[in-house]
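Asks: Below: one structure in structure tokens.
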Amino acid sequence: MSGLSSQLLPVGYHSRPATTSDAPEVHRLVTACELALHGRAATGVDSVAADLGTPAAEAPSESVLLHDSAGGLAGWARVRGRRATVHVHPAHTGRGLGGLLLAWTEDRARRFGGDRLAQTVPDSDQAAVVLLRSGGYTPLVTEWLLEFAMPCEPDVPEPPAGVTVRAFEAGDERSVYQLTEDAFDEWQQRRKSYPEWARHTVELPTFDPAASPLAFAGDQLVGAVLSLDVPGDDEGYVERVAVRKDQRNRGIARVLLRESFLAFHRQGKRGCTLWTHSDTGALSLYERLGMTVRRSSTVYSKELAEG
């Protein structure tokens with residue numbers, strides 16, 4: 001692993017590879033960026049730790065930290081397979097750090113043998129949008145953060161005939177993994193192994209089984225919602241929604257989401273959020289449930305020429 005060349009960095013900055021122990025520091029950086037752009041933070045430290053702890057065997061992965069002369073974290077970047085992440089602290093923008101980190105991600109991706117790289121950027125981050133577009137990146141898909149306000153207890157419709165619903169229980173992990181990966185196969189780039197999937201869902205410290213309802217037709221799992229309860233956040237977060245293909249358009253997702261909303265409301269939450277993107281075609285479903293778009297992001301992609 002390697003950092004950025006010291007000859008390319010502005011005076012006073014230095015870089016080094018990131019490790020899992022850097023998760024709290026990286027989380028503070030990501031939080032500062034989210035607060036500056038959106039007025040509130042959304043990423044939990046456990047999600048950052050899960051990203052930094054990704055085994056190389058699952059996908060080629062590398063991260064770099066960029067510190068200033070006082071030792072403060074000014075920026076970070078990560079490449080994993082064909083996806084990149086870049087953050088520059090709001091106090092360090094306008095110094096070319098974003099461009100240097102972007103170039104680093106492309107170089108790492110080429111060394112991994114990648115021919116394409118993608119990065120998700122909030123549409124409100126105009127500086128990042130301009131940087132990516134000027135670097136040859138083009139829009140790939142749109143992502144929306146949806147919210148559901150809960151000033152009063154949400155109602156839950158009856159499940160379809162022959163379907164029962166209960167909360168997630170210990171022992172459900174493997175069947176939920178199978179269901180969600182089968183459902184996501186339609187638009188995800190690659191199927192996750194169980195350890196990788198679990199590390200980003202049911203093994204997260206913030207995973208909330210009580211707000212993660214499952215739907216069954218007989219003894220067959222046909223739908224699942226997986227939710228997170230982030231400490232200090234006044235909103236619940238739905239991480240994944242999946243319904244078996246042959247059981248769609250029966251109202252199962254509506255029932256499961258409403259069950260999750262109700263569970264969060266009873267925990268004192270007065271709102272719930274989730275992300276969806278244009279490839280899923282699910283935006284209209286969520287809007288019919290009463291959810292509204294809080295903000296949007298765009299996934300930008302670039303074909304990598306041989307370096």
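Order determines the names: the first chain of the structure tokens is A, the second B, and so forth; residues in each chain are numbered 1 upward, and ligands are numbered 1 upward as they are shown.
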List every residue of segment 122-285 of chain A that DSSP, applied to the backbone of this structure, assigns to alpha helix (DSSP H), and report them as a PyMOL selection string.

Replies: chain A and resi 126-134+173-184+194-199+252-266+283-285

Asks: For segment 180-190 of chain A, please output as a PyMOL selection string all residues within 6 Å (counting only C-alpha atoms; exclusion window: fewer than 2 positions along the same chain).

Replies: chain A and resi 177-178+242

Asks: Taking only C-alpha atoms into account, name the residue in A:His27, A:Lys302, A:Arg240, A:Arg254 that is nearest to Ala118 of chain A.

Replies: A:Lys302

Asks: Find the spatial neighbours of Gly232 of chain A, counting only C-alpha atoms, within a cut-off of 12 Å - ignore same-chain residues fewer than 5 positions away - and output them as a list in words.

Replies: Arg40, Ala41, Ala42, Thr43, Gly44, Thr206, Gly268 and Lys269 of chain A

Asks: Would you write out those residues with C-alpha atoms, as a PDB file, in the first residue's frame?

Replies:
```
ATOM      1  CA  ARG A  40     -26.788  16.875   9.587  1.00  0.00           C
ATOM      2  CA  ALA A  41     -24.624  13.762   9.671  1.00  0.00           C
ATOM      3  CA  ALA A  42     -25.879  10.441   8.332  1.00  0.00           C
ATOM      4  CA  THR A  43     -22.932   8.010   8.296  1.00  0.00           C
ATOM      5  CA  GLY A  44     -22.276   5.901  11.375  1.00  0.00           C
ATOM      6  CA  THR A 206     -26.421  -0.465  14.996  1.00  0.00           C
ATOM      7  CA  GLY A 268     -39.186   7.467  20.095  1.00  0.00           C
ATOM      8  CA  LYS A 269     -38.110   8.178  16.515  1.00  0.00           C
TER       9      LYS A 269
END
```

Asks: Which of these, A:Pro195, A:Gly113, A:Pro90, A:Pro139, has the shortest distance to Pro55 of chain A once you count only C-alpha atoms?

Replies: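 Using only C-alpha atoms, the shortest distance to Pro55 of chain A belongs to A:Pro195.
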
Asks: Could you give me, as an MDAnalysis selection string, the residues within 9 Å of Gly218 of chain A, counting only C-alpha atoms and dropping anything in the same chain fewer than 4 positions from it?

Replies: chainID A and resid 162:164

Asks: Which one of A:Pro10, A:Pro213, A:Gly281, A:Gly135 sits closest to Asp172 of chain A if you count only C-alpha atoms?

Replies: A:Pro213

Asks: Find the distance between atom CA of Ala109 of chain A and atom CA of Ser61 of chain A and write it in Å to one decimal.

Replies: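 Interatomic distance, atom CA of Ala109 of chain A to atom CA of Ser61 of chain A: 8.8 Å.
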
Asks: Residues within 6 Å of segment 294-297 of chain A, please, as a list in words. Count only C-alpha atoms; anything in the same chain fewer than 3 positions from it doesn't count.

Replies: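 The residues satisfying every condition are Val121, Pro122, Asp123, Thr142, Glu143, Trp144, Leu145 and Leu146 of chain A.
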
Asks: Nearest to Arg80 of chain A among A:Asn249, A:Ser175, A:Ser63, A:Ser212, with distances taken over only C-alpha atoms: which residue is it?

Replies: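 When distances to Arg80 of chain A are compared using only C-alpha atoms, the smallest one comes from A:Ser63.
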